[in-house]
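One structure below.
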Amino acid sequence: MVQAYILIQTEVGKASTVAETISKLPGVIQAEDVTGPYDVIVRAQADTVDELGRMVVAKVQQVDGITRTLTCPVVHL
């Protein structure tokens with residue numbers, strides 16, 4: 001199982017709608033509105049890195065109001 005944080009920038013005023021929409025996607029553990037350089041932070045999981053990448057590109061990035069994403073996989077050192 002691979003987990004990652006997805007940091008999301010949105011159009012002005014869209015953060016809460018984006019977080020709510022993303023929270024309903026399969027593989028999303030949590031989606032929260034935040035302040036700072038990013039508007040929404042998502043914790044997601046998938047079976048493989050490739051599946052995680054497909055989820056981000058095919059599902060998360062297609063949500064209306066998103067302008068940029070940054071995916072940060074969790075590592076266990």
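Letters A, B, ... mark the chains of the structure tokens in the order given; residue numbers begin at 1 per chain; ligand numbers begin at 1, in order shown.
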### All residues 8 Å or closer to region 16-32 of chain A, only C-alpha atoms, same chain fewer than 4 positions away omitted, as an MDAnalysis selection string
chainID A and resid 10 40:46 59:60 63:66
- Message: Considering only helix (DSSP H, G or I) as DSSP defines it on the backbone, what residues of chain A qualify? List them as a ChimeraX atom specification.
- Response: /A:15-23,49-58,60-62
Selected residue, from A:Gln3, A:Thr35, A:Gln62, A:Thr48, that lies nearest to Ala15 (chain A) when counting only C-alpha atoms: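 That would be A:Thr35, the residue with the smallest distance to Ala15 (chain A).
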